[in-house]
$ cat upload-v1.tsv   # TSV, C-alpha atoms
chain	number	residue	atom	x	y	z
V	1	MET	CA	-12.15	36.69	-13.59
V	2	ASN	CA	-9.15	34.35	-13.33
V	3	ASP	CA	-8.04	35.08	-16.91
V	4	ILE	CA	-8.19	38.86	-16.41
V	5	LYS	CA	-4.89	40.62	-15.71
V	6	SER	CA	-5.01	42.89	-12.68
V	7	LYS	CA	-2.81	45.92	-12.20
V	8	VAL	CA	-1.19	46.66	-8.85
V	9	SER	CA	0.94	49.71	-8.13
V	10	ILE	CA	3.69	49.81	-5.52
V	11	VAL	CA	5.51	52.92	-4.34
V	12	LYS	CA	8.36	53.29	-1.84
V	13	CYS	CA	7.60	55.36	1.26
V	14	ASP	CA	10.05	55.17	4.16
V	15	SER	CA	8.16	57.07	6.87
V	16	TYR	CA	4.77	58.39	7.95
V	17	ASP	CA	5.81	61.96	7.28
V	18	GLN	CA	2.55	63.38	5.89
V	19	VAL	CA	4.15	65.03	2.87
V	20	LYS	CA	5.85	61.78	1.87
V	21	VAL	CA	2.72	59.71	2.41
V	22	ASP	CA	0.56	62.15	0.43
V	23	ALA	CA	2.99	61.92	-2.48
V	24	ALA	CA	3.22	58.13	-2.32
V	25	VAL	CA	-0.55	57.59	-2.24
V	26	ARG	CA	-1.08	60.05	-5.10
V	27	LYS	CA	1.61	58.33	-7.18
V	28	ALA	CA	0.19	54.87	-6.46
V	29	VAL	CA	-3.23	56.00	-7.68
V	30	GLU	CA	-1.78	57.78	-10.72
V	31	LEU	CA	0.02	54.58	-11.73
V	32	LEU	CA	-3.41	52.91	-11.90
V	33	GLY	CA	-4.68	55.65	-14.24
V	34	GLY	CA	-6.07	58.13	-11.72
V	35	LEU	CA	-9.29	58.28	-9.75
V	36	GLU	CA	-11.66	58.96	-12.64
V	37	GLU	CA	-10.41	55.97	-14.62
V	38	ILE	CA	-10.51	53.78	-11.51
V	39	PHE	CA	-14.04	54.85	-10.64
V	40	GLU	CA	-15.34	54.35	-14.16
V	41	GLY	CA	-14.67	50.66	-13.57
V	42	SER	CA	-14.24	47.96	-16.13
V	43	ALA	CA	-16.83	45.90	-17.93
V	44	ASP	CA	-15.75	43.00	-15.75
V	45	LEU	CA	-16.39	44.87	-12.49
V	46	LYS	CA	-19.77	46.06	-13.73
V	47	ALA	CA	-20.72	42.53	-14.80
V	48	GLN	CA	-19.63	41.17	-11.45
V	49	ALA	CA	-21.54	43.87	-9.58
V	50	ALA	CA	-24.70	43.33	-11.63
V	51	LYS	CA	-24.55	39.58	-11.10
V	52	ALA	CA	-24.01	39.89	-7.38
V	53	HIS	CA	-26.32	42.87	-6.79
V	54	ALA	CA	-23.26	44.32	-5.10
V	55	LEU	CA	-23.31	47.13	-2.59
V	56	GLY	CA	-21.35	50.15	-3.74
V	57	SER	CA	-21.63	49.24	-7.42
V	58	GLN	CA	-23.25	52.47	-8.59
V	59	ALA	CA	-21.63	54.74	-11.13
V	60	ILE	CA	-19.43	57.21	-9.26
V	61	THR	CA	-19.71	60.95	-9.80
V	62	LYS	CA	-18.21	63.84	-7.87
V	63	GLU	CA	-21.45	63.93	-5.84
V	64	SER	CA	-21.41	60.24	-4.93
V	65	SER	CA	-21.31	59.19	-1.28
V	66	LEU	CA	-18.05	57.40	-0.59
V	67	VAL	CA	-17.09	55.55	2.59
V	68	LEU	CA	-13.44	55.16	3.56
V	69	LYS	CA	-13.04	51.79	5.27
V	70	PRO	CA	-9.79	51.63	7.29
V	71	ASN	CA	-8.69	48.78	9.54
V	72	LEU	CA	-9.80	49.67	13.09
V	73	LEU	CA	-9.41	46.30	14.76
V	74	ALA	CA	-8.86	47.60	18.29
V	75	LYS	CA	-7.85	50.70	20.22
V	76	ASN	CA	-4.12	50.87	19.74
V	77	PRO	CA	-1.78	53.77	19.05
V	78	PRO	CA	-0.54	54.03	15.44
V	79	GLU	CA	2.99	52.91	16.34
V	80	LYS	CA	1.71	49.41	17.19
V	81	ALA	CA	1.00	48.89	13.48
V	82	CYS	CA	-2.32	47.24	14.34
V	83	THR	CA	-4.56	49.67	12.47
V	84	THR	CA	-4.42	51.82	9.36
V	85	HIS	CA	-2.06	54.69	10.09
V	86	PRO	CA	-3.71	58.14	10.28
V	87	ALA	CA	-1.22	59.52	7.73
V	88	VAL	CA	-2.30	56.97	5.10
V	89	PHE	CA	-5.98	57.51	5.88
V	90	SER	CA	-5.44	61.27	5.62
V	91	ALA	CA	-3.59	60.94	2.32
V	92	VAL	CA	-6.43	58.95	0.75
V	93	GLY	CA	-9.09	61.33	2.07
V	94	LYS	CA	-7.14	64.38	0.96
V	95	LEU	CA	-6.60	62.97	-2.55
V	96	LEU	CA	-10.31	62.28	-2.95
V	97	GLN	CA	-11.21	65.79	-1.82
V	98	GLU	CA	-8.62	67.43	-4.06
V	99	GLU	CA	-10.05	65.51	-7.03
V	100	GLY	CA	-13.55	66.77	-6.23
V	101	TYR	CA	-15.00	63.79	-4.32
V	102	THR	CA	-16.13	65.57	-1.18
V	103	ASN	CA	-19.16	63.56	-0.03
V	104	LEU	CA	-17.10	61.38	2.27
V	105	LYS	CA	-17.64	59.42	5.47
V	106	TYR	CA	-15.48	56.82	7.18
V	107	GLY	CA	-15.74	53.98	9.64
V	108	ASP	CA	-15.32	50.36	10.55
V	109	SER	CA	-16.94	47.81	12.85
V	110	PRO	CA	-14.07	46.77	15.15
V	111	GLY	CA	-13.49	43.38	16.74
V	112	ASN	CA	-14.85	44.30	20.18
V	113	PRO	CA	-18.56	45.18	19.82
V	114	VAL	CA	-18.71	46.59	23.36
V	115	ILE	CA	-16.64	49.67	22.49
V	116	LYS	CA	-18.17	52.30	20.23
V	117	PRO	CA	-16.46	52.32	16.81
V	118	GLU	CA	-15.82	56.07	16.87
V	119	LYS	CA	-14.09	55.71	20.24
V	120	ILE	CA	-11.68	53.22	18.69
V	121	ALA	CA	-11.09	55.60	15.77
V	122	ASP	CA	-10.22	58.26	18.34
V	123	GLU	CA	-7.78	55.99	20.20
V	124	CYS	CA	-6.11	55.00	16.92
V	125	GLY	CA	-5.60	58.60	15.81
V	126	LEU	CA	-7.93	58.38	12.83
V	127	LYS	CA	-10.62	60.61	14.28
V	128	GLU	CA	-8.20	63.51	14.57
V	129	ALA	CA	-7.09	62.99	10.97
V	130	ALA	CA	-10.69	62.71	9.75
V	131	ASP	CA	-11.82	65.78	11.73
V	132	ALA	CA	-8.99	67.80	10.19
V	133	LEU	CA	-10.38	66.93	6.75
V	134	GLY	CA	-14.01	67.41	7.80
V	135	ILE	CA	-14.88	63.75	7.19
V	136	PRO	CA	-17.57	62.52	9.63
V	137	PHE	CA	-17.83	59.04	11.13
V	138	GLY	CA	-20.59	57.02	9.47
V	139	ASP	CA	-23.31	54.83	10.97
V	140	PHE	CA	-21.43	51.70	12.04
V	141	GLU	CA	-23.54	51.12	15.16
V	142	GLU	CA	-26.56	49.63	13.42
V	143	GLY	CA	-26.77	46.58	11.19
V	144	VAL	CA	-28.99	45.82	8.20
V	145	GLU	CA	-29.76	42.33	6.94
V	146	VAL	CA	-28.77	42.09	3.29
V	147	PRO	CA	-29.88	38.99	1.34
V	148	TYR	CA	-27.19	37.37	-0.77
V	149	PRO	CA	-28.72	34.41	-2.64
V	150	GLU	CA	-25.65	34.10	-4.88
V	151	GLY	CA	-23.46	33.27	-1.89
V	152	ARG	CA	-21.29	30.18	-1.91
V	153	VAL	CA	-21.51	29.53	1.83
V	154	THR	CA	-24.07	32.06	3.10
V	155	ASP	CA	-27.24	33.60	1.73
V	156	LYS	CA	-27.24	36.78	3.82
V	157	PHE	CA	-25.06	39.17	5.81
V	158	ILE	CA	-25.73	41.69	8.56
V	159	ILE	CA	-23.96	44.76	7.14
V	160	CYS	CA	-23.28	48.11	8.85
V	161	ARG	CA	-25.92	50.59	7.76
V	162	GLU	CA	-23.42	53.12	6.39
V	163	ILE	CA	-22.05	50.56	3.93
V	164	THR	CA	-25.55	49.76	2.66
V	165	GLN	CA	-26.23	53.46	2.03
V	166	ALA	CA	-22.95	54.33	0.30
V	167	ASP	CA	-22.48	54.63	-3.44
V	168	ALA	CA	-19.00	53.15	-3.10
V	169	VAL	CA	-16.45	51.93	-0.57
V	170	ILE	CA	-12.74	52.81	-0.53
V	171	ASN	CA	-10.71	50.14	1.27
V	172	VAL	CA	-7.74	51.56	3.23
V	173	CYS	CA	-6.25	48.38	4.65
V	174	LYS	CA	-3.19	47.36	6.70
V	175	MET	CA	-0.41	44.87	5.91
V	176	LYS	CA	-0.45	42.33	8.76
V	177	THR	CA	-0.12	38.69	9.71
V	178	HIS	CA	-3.14	36.70	10.86
V	179	GLN	CA	-3.18	33.44	12.80
V	180	LEU	CA	-6.19	31.92	11.02
V	181	GLU	CA	-5.57	33.09	7.44
V	182	ARG	CA	-1.76	33.70	7.58
V	183	ILE	CA	-2.18	37.31	6.41
V	184	THR	CA	-4.85	39.97	6.55
V	185	GLY	CA	-4.78	42.66	3.90
V	186	ALA	CA	-7.21	43.98	1.32
V	187	VAL	CA	-9.50	40.94	0.98
V	188	LYS	CA	-10.15	40.37	4.68
V	189	ASN	CA	-10.51	44.07	5.57
V	190	THR	CA	-14.07	43.95	4.21
V	191	PHE	CA	-14.97	41.84	7.27
V	192	GLY	CA	-15.25	45.15	9.13
V	193	CYS	CA	-18.36	45.84	7.04
V	194	VAL	CA	-20.11	43.06	8.99
V	195	PHE	CA	-21.94	44.55	11.93
V	196	GLY	CA	-20.75	44.09	15.51
V	197	ILE	CA	-21.47	40.80	17.24
V	198	ASN	CA	-22.21	39.10	13.94
V	199	LYS	CA	-18.45	38.72	13.48
V	200	ALA	CA	-18.29	36.23	16.36
V	201	SER	CA	-21.21	34.24	14.98
V	202	SER	CA	-19.48	34.18	11.59
V	203	HIS	CA	-16.43	32.56	13.19
V	204	ALA	CA	-18.67	29.98	14.83
V	205	ARG	CA	-20.51	29.21	11.57
V	206	PHE	CA	-17.39	29.19	9.41
V	207	SER	CA	-14.95	27.66	11.85
V	208	THR	CA	-12.13	26.55	9.58
V	209	ALA	CA	-9.72	28.81	7.71
V	210	GLU	CA	-11.11	27.54	4.40
V	211	THR	CA	-14.83	27.98	5.11
V	212	PHE	CA	-14.17	31.35	6.73
V	213	ALA	CA	-12.27	32.39	3.61
V	214	LYS	CA	-15.18	31.37	1.40
V	215	MET	CA	-17.47	33.55	3.52
V	216	ILE	CA	-15.00	36.42	3.03
V	217	GLY	CA	-15.12	35.71	-0.70
V	218	ASP	CA	-18.92	36.00	-0.64
V	219	LEU	CA	-18.63	39.24	1.31
V	220	ASN	CA	-16.23	40.71	-1.25
V	221	ASN	CA	-18.71	39.92	-4.00
V	222	LEU	CA	-21.46	41.65	-2.01
V	223	VAL	CA	-19.43	44.67	-0.88
V	224	VAL	CA	-17.24	45.64	-3.85
V	225	PRO	CA	-14.79	48.40	-2.86
V	226	ARG	CA	-13.79	50.43	-5.89
V	227	LEU	CA	-10.24	51.15	-4.77
V	228	HIS	CA	-7.90	49.42	-2.33
V	229	VAL	CA	-4.93	51.19	-0.76
V	230	MET	CA	-2.66	49.18	1.55
V	231	ASP	CA	-0.64	50.75	4.34
V	232	GLY	CA	2.58	48.78	4.19
V	233	ILE	CA	4.92	51.47	5.45
V	234	VAL	CA	5.15	49.74	8.82
V	235	ALA	CA	3.49	46.34	8.71
V	236	MET	CA	2.86	43.80	11.46
V	237	GLU	CA	4.64	40.44	11.55
V	238	GLY	CA	4.52	37.53	13.98
V	239	ASN	CA	1.62	37.32	16.44
V	240	GLY	CA	-0.81	39.42	14.37
V	241	PRO	CA	-3.32	40.84	13.78
V	242	GLN	CA	-3.15	42.82	17.06
V	243	ASN	CA	-0.15	41.73	19.08
V	244	GLY	CA	2.53	41.15	16.48
V	245	THR	CA	5.72	43.12	15.97
V	246	PRO	CA	5.93	46.29	13.82
V	247	LYS	CA	8.04	45.65	10.73
V	248	ALA	CA	9.17	48.37	8.32
V	249	MET	CA	8.21	47.38	4.77
V	250	ASN	CA	8.25	50.94	3.39
V	251	VAL	CA	5.56	50.57	0.73
V	252	ILE	CA	2.16	51.84	-0.34
V	253	ILE	CA	0.28	49.41	-2.58
V	254	ALA	CA	-2.90	50.15	-4.57
V	255	SER	CA	-5.22	48.30	-6.93
V	256	LYS	CA	-8.82	47.80	-7.98
V	257	ASP	CA	-8.30	44.10	-7.22
V	258	PRO	CA	-7.94	43.12	-3.53
V	259	VAL	CA	-6.71	39.61	-4.34
V	260	ALA	CA	-3.92	41.04	-6.48
V	261	ILE	CA	-2.83	43.32	-3.62
V	262	ASP	CA	-2.71	40.40	-1.19
V	263	GLY	CA	-0.92	38.29	-3.79
V	264	LEU	CA	1.77	40.95	-4.11
V	265	PHE	CA	1.96	41.20	-0.31
V	266	CYS	CA	2.71	37.45	-0.27
V	267	HIS	CA	5.52	37.82	-2.79
V	268	LEU	CA	7.04	40.62	-0.70
V	269	VAL	CA	7.31	38.32	2.33
V	270	SER	CA	8.25	35.08	0.50
V	271	LEU	CA	4.90	33.43	1.21
V	272	ARG	CA	3.28	31.33	-1.49
V	273	PRO	CA	-0.04	33.06	-2.30
V	274	GLU	CA	-1.82	29.74	-2.79
V	275	LEU	CA	-1.28	28.92	0.90
V	276	VAL	CA	-3.47	31.86	1.95
V	277	PRO	CA	-7.10	30.63	2.16
V	278	THR	CA	-8.58	34.08	1.46
V	279	ASN	CA	-6.52	34.33	-1.73
V	280	VAL	CA	-7.67	30.91	-2.93
V	281	ALA	CA	-11.36	31.37	-2.08
V	282	ALA	CA	-11.58	34.92	-3.43
V	283	MET	CA	-9.93	33.92	-6.69
V	284	GLU	CA	-12.17	30.86	-7.11
V	285	GLN	CA	-15.21	33.05	-6.40
V	286	GLY	CA	-14.28	35.62	-9.04
V	287	VAL	CA	-13.23	38.46	-6.75
V	288	GLY	CA	-9.81	38.83	-8.36
V	289	THR	CA	-6.54	37.07	-9.10
V	290	TYR	CA	-3.26	36.46	-7.33
V	291	LYS	CA	-1.70	34.84	-10.40
V	292	ASN	CA	-2.19	37.15	-13.35
V	293	ILE	CA	-0.80	40.44	-12.07
V	294	THR	CA	0.89	43.43	-13.67
V	295	VAL	CA	3.05	45.25	-11.11
V	296	VAL	CA	3.64	48.92	-11.94
V	297	THR	CA	6.24	51.14	-10.29
V	298	GLU	CA	7.49	54.65	-10.87
V	299	ASP	CA	10.14	53.07	-13.12
V	300	GLY	CA	7.72	50.99	-15.17
V	301	GLU	CA	6.34	47.45	-15.07
V	302	ILE	CA	8.18	44.71	-13.19
V	303	SER	CA	7.53	41.03	-12.51
V	304	LEU	CA	6.28	39.65	-9.21
V	305	LYS	CA	9.72	38.16	-8.68
V	306	GLU	CA	11.38	41.53	-9.24
V	307	ALA	CA	8.88	43.15	-6.87
V	308	GLY	CA	9.87	40.69	-4.18
V	309	GLU	CA	13.56	41.39	-4.75
V	310	ARG	CA	13.21	45.19	-4.86
V	311	PHE	CA	10.55	45.81	-2.23
V	312	GLY	CA	10.39	42.62	-0.16
V	313	ASP	CA	11.89	41.24	3.03
V	314	LYS	CA	12.42	37.48	3.37
V	315	SER	CA	12.94	37.82	7.11
V	316	PHE	CA	9.28	38.82	7.61
V	317	ASP	CA	7.82	36.57	10.30
V	318	VAL	CA	4.83	34.78	8.77
V	319	GLN	CA	3.71	31.16	8.64
V	320	ARG	CA	5.09	29.82	5.34
V	321	ALA	CA	4.70	26.05	5.74
V	322	LYS	CA	1.66	24.03	4.75
V	323	GLU	CA	-0.99	23.22	7.32
V	324	TYR	CA	-1.47	19.56	8.08
V	325	LYS	CA	-5.21	18.92	7.96
V	326	GLY	CA	-5.82	15.18	7.96
V	327	GLN	CA	-3.85	14.42	4.79
V	328	LEU	CA	-1.70	11.99	6.81
V	329	GLN	CA	-4.08	9.09	6.22
V	330	ALA	CA	-1.82	6.35	7.60
V	331	VAL	CA	-0.98	8.24	10.78
V	332	ARG	CA	-4.20	10.02	11.50
V	333	PHE	CA	-3.56	9.74	15.24
V	334	LEU	CA	-0.72	12.26	14.78
V	335	VAL	CA	-2.98	15.01	13.42
V	336	PRO	CA	-3.86	16.49	16.87
V	337	PHE	CA	-0.14	16.87	17.49
V	338	LEU	CA	0.36	18.77	14.22
V	339	THR	CA	-2.21	21.48	14.84
V	340	LYS	CA	-1.64	24.82	16.56
V	341	LYS	CA	-3.63	26.16	19.48
V	342	PRO	CA	-4.02	29.39	21.46
V	343	VAL	CA	-1.97	29.46	24.67
V	344	VAL	CA	-2.12	31.92	27.58
V	345	ARG	CA	1.00	33.76	28.69
V	346	GLU	CA	0.19	33.74	32.37
V	347	ASN	CA	2.66	36.50	33.22
V	348	LYS	CA	0.80	38.88	30.89
V	349	CYS	CA	-2.84	37.91	31.45
V	350	VAL	CA	-4.77	40.39	33.62
V	351	GLY	CA	-8.07	38.48	33.63
V	352	CYS	CA	-9.93	41.22	31.75
V	353	GLY	CA	-12.29	38.72	30.07
V	354	ILE	CA	-12.10	40.18	26.56
V	355	CYS	CA	-11.01	36.78	25.28
V	356	VAL	CA	-14.15	35.21	26.79
V	357	ASP	CA	-16.36	37.88	25.23
V	358	SER	CA	-14.77	37.30	21.82
V	359	CYS	CA	-15.06	33.49	21.92
V	360	PRO	CA	-17.82	32.50	19.45
V	361	VAL	CA	-18.32	28.98	20.85
V	362	GLU	CA	-21.62	28.29	22.58
V	363	GLY	CA	-20.76	27.57	26.21
V	364	LYS	CA	-17.36	29.22	25.64
V	365	ALA	CA	-14.04	27.46	25.12
V	366	ILE	CA	-12.30	29.82	27.52
V	367	HIS	CA	-13.10	31.20	30.98
V	368	ILE	CA	-11.47	33.35	33.63
V	369	ASP	CA	-10.09	31.79	36.78
V	370	GLY	CA	-7.87	34.67	37.81
V	371	ILE	CA	-6.34	34.23	34.37
V	372	ALA	CA	-7.72	32.84	31.10
V	373	VAL	CA	-8.13	29.04	31.02
V	374	TYR	CA	-8.98	26.95	27.92
V	375	ASP	CA	-11.23	23.99	27.38
V	376	TYR	CA	-9.47	22.67	24.28
V	377	ASP	CA	-12.19	20.09	23.66
V	378	LYS	CA	-14.48	23.02	22.77
V	379	CYS	CA	-11.91	25.26	21.08
V	380	ILE	CA	-12.50	25.58	17.30
V	381	LYS	CA	-9.09	27.23	16.66
V	382	CYS	CA	-10.58	30.45	15.29
V	383	TYR	CA	-8.07	32.50	17.34
V	384	CYS	CA	-10.58	35.28	18.06
V	385	CYS	CA	-9.28	35.30	21.64
V	386	GLN	CA	-5.71	35.83	20.47
V	387	GLU	CA	-6.82	38.46	17.97
V	388	MET	CA	-8.71	40.54	20.52
V	389	CYS	CA	-6.43	40.21	23.58
V	390	PRO	CA	-5.28	43.76	24.42
V	391	LYS	CA	-2.31	42.63	26.54
V	392	ASP	CA	-0.50	40.27	24.14
V	393	ALA	CA	-1.28	37.55	26.68
V	394	ILE	CA	-2.37	34.94	24.14
V	395	THR	CA	-0.16	33.49	21.48
V	396	VAL	CA	-0.61	30.60	19.06
V	397	LYS	CA	1.79	27.72	19.65
V	398	LYS	CA	2.65	24.53	17.80
V	399	SER	CA	3.81	21.23	19.19
V	400	PHE	CA	7.38	20.04	18.74
V	401	LEU	CA	6.20	17.63	16.05
V	402	ALA	CA	4.41	20.44	14.20
V	403	ARG	CA	7.53	22.61	14.30
V	404	VAL	CA	9.63	19.78	12.88
V	405	ALA	CA	7.07	19.21	10.12
V	406	GLU	CA	7.09	22.93	9.34
V	407	LYS	CA	10.90	23.02	9.09
V	408	LEU	CA	10.82	20.10	6.68
V	409	GLU	CA	8.19	21.85	4.59
V	410	ASN	CA	10.16	25.11	4.61
V	411	CYS	CA	13.10	23.27	3.10
V	412	ARG	CA	10.95	22.69	0.02
V	413	ILE	CA	9.88	26.34	-0.36

$ encode --input "upload-v1.tsv" --output "structure tokens"
Amino acid sequence: MNDIKSKVSIVKCDSYDQVKVDAAVRKAVELLGGLEEIFEGSADLKAQAAKAHALGSQAITKESSLVLKPNLLAKNPPEKACTTHPAVFSAVGKLLQEEGYTNLKYGDSPGNPVIKPEKIADECGLKEAADALGIPFGDFEEGVEVPYPEGRVTDKFIICREITQADAVINVCKMKTHQLERITGAVKNTFGCVFGINKASSHARFSTAETFAKMIGDLNNLVVPRLHVMDGIVAMEGNGPQNGTPKAMNVIIASKDPVAIDGLFCHLVSLRPELVPTNVAAMEQGVGTYKNITVVTEDGEISLKEAGERFGDKSFDVQRAKEYKGQLQAVRFLVPFLTKKPVVRENKCVGCGICVDSCPVEGKAIHIDGIAVYDYDKCIKCYCCQEMCPKDAITVKKSFLARVAEKLENCRI
């Protein structure tokens, strides 16, 4: 699929006012040709789906069962910019209904398997938006083993039952930073299709950013959402994906290609797309492309460079420098000092134990002794603890040497 040109639409939207968001989402979809054209799919998508025996690859009619898949990482109010905003979710649901696609459900399998998914949807404001549209929460509390013999790094997944029963998935993702993969957007949002506690075991099995990204690539070839809409009105920068800082980016982005969306996201924040492991793996595995992209706006087609200039923000706080992963052959002893690690902010830690529950390491790399304490000899640097901490008590820090190396690398960007 690397030689196929993917179309991505981008529309300005400067607030979560529902009227403005409705108009922006509708325009973004219209710029792609409209729902019927999108759902008809291309020969390439059909070939990919047939090869991969993909879930959600059926022909879509007005009677088809569609699942809206937002980002519901954790129970946070919309203003934290951690989850898909209810206004964007509502706009997508409303557009589908107005176009005659009324057999809708929604849901996600959040990061903390102890809390019921619908409870998190309620806390994030999505349940109220869904109830207003009459869209019920799907079955995301039971998993189904789905064989995937074509997989590059895994031959099966445990997928939420609702995803396995749907005719198609609509991905309503959030623009955010991510400590392991640099960003999380359209490609990684499919990880919420993996059922409950199996997320932690996935981090343990695929413990590096690169192998985890290849697993995400396999997942995107198994679960093939037919439309991706990114909430980039207020994004999250810095210590994402839960405890970063809200950052106004004022955009809605849409595409049939999740890699193209994430590639455009990178250009908007002056991050080289090839440094994002999920971009690289997904492109190599035929999910989409971050290189060959047509960007369409209300004013016509523009280049990726123009998109960055018109819609981007170079001050966006994201890791832009290369990672140092053993390529320093002559000074291999320095490598431990060039890596980053999770660190507890003792003044914020309340000893709740969520970090321990989220740690995928057998025997645990973190325990509670009044506050969280790490055993760095066991830590696999997956940052699940940082991702799931509800109190912003865990951050990811680099050594002085790593920060110097990063500044030197940034000078070359």

$ residues_around --input "upload-v1.tsv" --residues "segment 210-214 of chain V" --least-positions-apart "3" --cutoff "8 Å" --atoms "only C-alpha atoms" --output "VMD selection string"
chain V and resid 152 to 153 181 202 to 203 206 to 207 217 to 218 277 to 278 281 to 282 285

$ closest_atom_pairs --input "upload-v1.tsv" --of "segment 328-395 of chain V" --to "segment 236-243 of chain V" --cutoff "10 Å" --atoms "all atoms listed in the file" --output "CSV"
residue,atom,partner,partner_atom,distance
V:Gln386,CA,V:Gln242,CA,8.2
V:Glu387,CA,V:Gln242,CA,5.8
V:Met388,CA,V:Gln242,CA,6.9
V:Cys389,CA,V:Gln242,CA,7.8
V:Pro390,CA,V:Asn243,CA,7.7
V:Lys391,CA,V:Asn243,CA,7.8
V:Asp392,CA,V:Asn243,CA,5.3
V:Ala393,CA,V:Asn243,CA,8.7
V:Ile394,CA,V:Asn243,CA,8.8
V:Thr395,CA,V:Asn239,CA,6.6

$ atom_distance --input "upload-v1.tsv" --atom1 "atom CA of Phe137 of chain V" --atom2 "atom CA of Asn171 of chain V"
15.1 Å

$ residues_around --input "upload-v1.tsv" --residues "Lys247 of chain V" --least-positions-apart "6" --cutoff "10 Å" --atoms "only C-alpha atoms" --output "JSON, numbers by chain"
{"V": [80, 81, 175, 176, 232, 233, 234, 235, 236, 237, 238, 313, 315, 316, 317]}

$ closest_residue --input "upload-v1.tsv" --among "V:Val343, V:Val224, V:Val396, V:Leu95" --to "Asp375 of chain V" --atoms "all atoms listed in the file"
V:Val343

$ residues_around --input "upload-v1.tsv" --residues "Val187 of chain V" --least-positions-apart "2" --cutoff "9 Å" --atoms "all atoms listed in the file" --output "NGL selection string"
:V and (173 or 184-185 or 189-191 or 216-217 or 220 or 257-259 or 261-262 or 278-279 or 282 or 287)
